[in-house]
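Trainee: So that we are looking at the same thing, I have put the structure below in structure tokens.
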Amino acid sequence: MPPHPRAWVEVDLGALRRNGAALAARAGVPLLAVIKADGYGLGAIEVARALEPLDPWGFGVAAVAEGAELRAAGIDRPILVLSPVLPDEHAVIREQRLRPSLGDAASIDHWRRSGGGPWHLSIDSGMNRAGLPWSRVSDVRALLADAEPEGAFTHFHSADTDGASVAEQVRRFRCALDILPRRPALLHAENSPAIERGGASPWDLARPGVFLYGVGGGDGATMTPEPVAHLRARVVEIRTVQDGETVSYGATWRASGTRRIATLGIGYADGYRRALSNRGVALVRGQRARIAGIVTMDMVMLDVTDIACEVGDVATLIGRDGHELLTTDDVAATAGMLSYELLVGLKLRAPRVYRDG
């Protein structure tokens with residue numbers, strides 16, 4: 001009997017840990033594992049616990065509340081808030097023993113005056129999203145002499161597509177570091193695609209995210225992650241439709257001849273995107289079945305005319321079934337979206353089920 005009667009996200013923590021081990025071996029430095037957005041939709045607390053045997057330096061989150069949730073669950077390693085924080089969050093950050101990312105003189109000075117503590121300097125080397133512009137580090141040099149950061153980092157904007165841009169951002173980062181009064185103890189820059197395409201890290205930490213969760217590889221990469229997320233649903237009904245009959249809203253799918261249609265107990269409220277209507281496929285008994293009609297909030301229909309499936313069978317919409325695999329990257333590409341979007345969208349109605357194989 002499957003763990004849930006309707007739909008669920010099966011998370012392979014063993015595969016996640018092996019992905020992390022492969023990254024750590026490639027980089028040759030401790031991991032600062034990014035587990036923001038509730039572990040990219042797969043459960044930040046469970047992800048953090050699964051990665052413990054790798055002895056990571058710590059974890060990266062995007063919001064103070066995410067760090068507080070990890071602390072409440074007993075996660076004791078350093079936690080870095082990678083996104084900018086507001087001055088009125090500083091007291092909570094200290095209370096929760098988090099580390100803020102600071103990137104302007106006012107924030108750095110407020111952190112120092114309000115009690116201080118470990119923090120990391122965010123240096124913008126070209127992303128133009130957050131952090132201190134690399135060309136303006138001299139503006140805060142005197143302040144940093146009294147408020148020395150534990151670490152400093154930058155973020156690559158095109159590590160998966162443009163090696164030249166990475167080289168230029170590294171140059172800018174090094175220029176910025178040369179201006180600091182002292183070298184921070186912990187420097188980090190490499191995200192997942194940079195680690196996949198590089199060798200041993202020249203920094204002190206490696207900062208992977210999405211590769212941990214089974215997304216990566218592609219052009220220029222020399223590593224391929226194991227799949228971690230498997231989205232599954234059960235067949236709740238089967239019917240036969242005759243030639244010319246339609247399926248689902250808008251009558252966008254019409255039967256050519258007599259067809260057998262299976263209804264799955266899953267929809268876009270469970271994270272399976274409406275953009276996959278009439279385009280996506282699912283695996284049933286190790287065979288591919290096409291989505292028939294519009295994906296609805298609670299149900300998805302498949303054309304299973306050539307598959308001898310029954311009510312109660314399990315369909316896989318992301319992940320592996322036997323020798324067949326629907327990768328997160330492939331499903332996202334079919335939907336015309338990023339793998340990141342697809343993953344974090346799984347944190348909806350479908351419960352998560354963990355296995356450690």
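Residues in the structure tokens are numbered from 1 in each chain, the chains being A, B, ... in the order shown, and ligands are numbered from 1 in the order shown.
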Find the residues around segment 308-314 of chain A up to 12 Å (only C-alpha atoms counted), leave out those fewer than 5 positions away in its own chain, and share them as a PyMOL selection string.

Mentor: chain A and resi 1-8+230-239+260-266+282-289+302-303+320-321

Trainee: Per DSSP on the backbone, what are the helix (DSSP H, G or I) residues of segment 217-286 of chain A, as JSON, numbers by chain?

Mentor: {"A": [249, 250, 251, 268, 269, 270, 274, 275, 276]}

Trainee: Write a file of the selected residues as an mmCIF file, in the first residue's frame, keeping N, CA and C atoms.

Mentor:
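Done, and the output landed in part-v2.cif:
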data_model
loop_
_atom_site.group_PDB
_atom_site.id
_atom_site.type_symbol
_atom_site.label_atom_id
_atom_site.label_comp_id
_atom_site.auth_asym_id
_atom_site.auth_seq_id
_atom_site.Cartn_x
_atom_site.Cartn_y
_atom_site.Cartn_z
ATOM 1 N N TYR A 249 -11.536 20.507 -18.803
ATOM 2 C CA TYR A 249 -12.034 21.845 -19.096
ATOM 3 C C TYR A 249 -11.634 22.302 -20.497
ATOM 4 N N GLY A 250 -12.522 23.046 -21.091
ATOM 5 C CA GLY A 250 -12.213 23.656 -22.376
ATOM 6 C C GLY A 250 -12.241 22.706 -23.554
ATOM 7 N N ALA A 251 -12.449 21.418 -23.289
ATOM 8 C CA ALA A 251 -12.507 20.414 -24.361
ATOM 9 C C ALA A 251 -11.300 20.517 -25.286
ATOM 10 N N TYR A 268 -2.967 20.863 -9.825
ATOM 11 C CA TYR A 268 -2.013 21.960 -9.614
ATOM 12 C C TYR A 268 -1.995 22.454 -8.178
ATOM 13 N N ALA A 269 -2.991 22.095 -7.376
ATOM 14 C CA ALA A 269 -2.937 22.409 -5.947
ATOM 15 C C ALA A 269 -1.904 21.552 -5.219
ATOM 16 N N ASP A 270 -1.420 20.513 -5.883
ATOM 17 C CA ASP A 270 -0.367 19.649 -5.332
ATOM 18 C C ASP A 270 0.993 19.955 -5.945
ATOM 19 N N ARG A 274 -0.232 23.489 -14.225
ATOM 20 C CA ARG A 274 -1.241 23.530 -15.283
ATOM 21 C C ARG A 274 -0.595 23.653 -16.662
ATOM 22 N N ALA A 275 0.601 24.214 -16.717
ATOM 23 C CA ALA A 275 1.309 24.361 -17.991
ATOM 24 C C ALA A 275 1.634 23.021 -18.635
ATOM 25 N N LEU A 276 1.510 21.930 -17.883
ATOM 26 C CA LEU A 276 1.779 20.599 -18.428
ATOM 27 C C LEU A 276 0.549 19.982 -19.103
#

Trainee: Using Å and a single decimal, report how far atom CA of Ala221 of chain A sits from atom CA of Ala21 of chain A.

Mentor: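 Interatomic distance here is 16.6 Å.
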
Trainee: Identify which of the residues A:Leu54, A:Ile79, A:Leu187, A:Ala145 lies closest to Arg18 of chain A, counting only C-alpha atoms when measuring atom-to-atom distances.

Mentor: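 Result for the nearest residue to Arg18 of chain A: A:Leu54.
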
Trainee: Write down as a VMD selection string the residues of segment 43-97 of chain A whose backbone DSSP state falls under strand (DSSP E).

Mentor: chain A and resid 58 to 61 79 to 84

Trainee: So, with only C-alpha atoms as the atoms that count, which of A:Ala189, A:Ala65, A:Leu348, A:Ala15 lies closest to Leu51 of chain A?

Mentor: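 Between A:Ala189, A:Ala65, A:Leu348, A:Ala15, the residue approaching Leu51 of chain A most closely is A:Ala15.
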
Trainee: Could you give me, as JSON lines, a per-residue list for segment 128-184 of chain A showing, wherever an atom lies at most 8 Å from an atom of segment 92-106 of chain A, the closest pair of atoms and their distance in Å to one decimal, using only C-alpha atoms and sorting by chain then residue number from low to high?

Mentor:
{"residue": "A:Ala130", "atom": "CA", "partner": "A:Gly103", "partner_atom": "CA", "distance": 7.3}
{"residue": "A:Gly131", "atom": "CA", "partner": "A:Gly103", "partner_atom": "CA", "distance": 4.2}
{"residue": "A:Leu132", "atom": "CA", "partner": "A:Gly103", "partner_atom": "CA", "distance": 4.4}
{"residue": "A:Asp139", "atom": "CA", "partner": "A:Ala105", "partner_atom": "CA", "distance": 7.9}
{"residue": "A:Val140", "atom": "CA", "partner": "A:Ala105", "partner_atom": "CA", "distance": 6.0}
{"residue": "A:Leu143", "atom": "CA", "partner": "A:Ala105", "partner_atom": "CA", "distance": 7.6}

Trainee: Could you write out that same residue set with C-alpha atoms as a PDB file, in the first residue's frame?

Mentor:
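Printed below is out16.pdb as written:
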ATOM      1  CA  ALA A 130      21.927  42.745  -3.388  1.00  0.00           C
ATOM      2  CA  GLY A 131      25.201  43.419  -1.645  1.00  0.00           C
ATOM      3  CA  LEU A 132      27.916  46.056  -1.650  1.00  0.00           C
ATOM      4  CA  ASP A 139      33.626  53.244   1.118  1.00  0.00           C
ATOM      5  CA  VAL A 140      33.309  50.909   4.112  1.00  0.00           C
ATOM      6  CA  LEU A 143      34.073  50.809   9.216  1.00  0.00           C
TER       7      LEU A 143
END

Trainee: Pick the closest to Leu180 of chain A from A:Arg290, A:Lys36, A:Arg141, A:Arg352: which is it, counting only C-alpha atoms?

Mentor: A:Arg141

Trainee: Give me the residues within 8 Å of Ile75 of chain A as JSON, numbers by chain, counting only C-alpha atoms and dropping any in the same chain fewer than 2 places off.

Mentor: {"A": [45, 48, 49, 70, 71, 72, 73, 77]}

Trainee: Would you save the residues of that selection, restricted to N, CA and C atoms, as a PDB file, in the first residue's frame?

Mentor:
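Listing of selection-v6.pdb after writing:
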ATOM      1  N   ILE A  45      14.198  20.988   7.368  1.00  0.00           N
ATOM      2  CA  ILE A  45      14.652  20.294   8.575  1.00  0.00           C
ATOM      3  C   ILE A  45      15.156  18.902   8.222  1.00  0.00           C
ATOM      4  N   ALA A  48      18.464  19.191   6.301  1.00  0.00           N
ATOM      5  CA  ALA A  48      19.594  19.514   7.177  1.00  0.00           C
ATOM      6  C   ALA A  48      20.054  18.275   7.946  1.00  0.00           C
ATOM      7  N   ARG A  49      19.116  17.525   8.464  1.00  0.00           N
ATOM      8  CA  ARG A  49      19.483  16.326   9.221  1.00  0.00           C
ATOM      9  C   ARG A  49      20.134  15.277   8.322  1.00  0.00           C
ATOM     10  N   LEU A  70      14.726  26.271  11.774  1.00  0.00           N
ATOM     11  CA  LEU A  70      15.782  25.270  11.924  1.00  0.00           C
ATOM     12  C   LEU A  70      16.277  25.204  13.363  1.00  0.00           C
ATOM     13  N   ARG A  71      16.435  26.349  13.991  1.00  0.00           N
ATOM     14  CA  ARG A  71      16.869  26.360  15.391  1.00  0.00           C
ATOM     15  C   ARG A  71      15.844  25.662  16.281  1.00  0.00           C
ATOM     16  N   ALA A  72      14.558  25.910  16.033  1.00  0.00           N
ATOM     17  CA  ALA A  72      13.516  25.287  16.846  1.00  0.00           C
ATOM     18  C   ALA A  72      13.524  23.769  16.698  1.00  0.00           C
ATOM     19  N   ALA A  73      14.034  23.289  15.548  1.00  0.00           N
ATOM     20  CA  ALA A  73      14.106  21.848  15.310  1.00  0.00           C
ATOM     21  C   ALA A  73      15.398  21.242  15.836  1.00  0.00           C
ATOM     22  N   ARG A  77      24.180  23.955  13.765  1.00  0.00           N
ATOM     23  CA  ARG A  77      25.293  24.483  12.970  1.00  0.00           C
ATOM     24  C   ARG A  77      25.060  25.945  12.617  1.00  0.00           C
TER      25      ARG A  77
END

Trainee: With a distance cut-off of 8 Å and only C-alpha atoms, select the neighbouring residues of Pro56 of chain A, excluding the residue or stretch itself and same-chain residues fewer than 4 positions from it, and output the selection as a ChimeraX atom specification.

Mentor: /A:30-33,51-52

Trainee: Excluding Ser192 of chain A and its own-chain neighbours fewer than 4 positions away, which residues fall within 8 Å of it when counting only C-alpha atoms? Please give them as a ChimeraX atom specification.

Mentor: /A:196,207-211,216
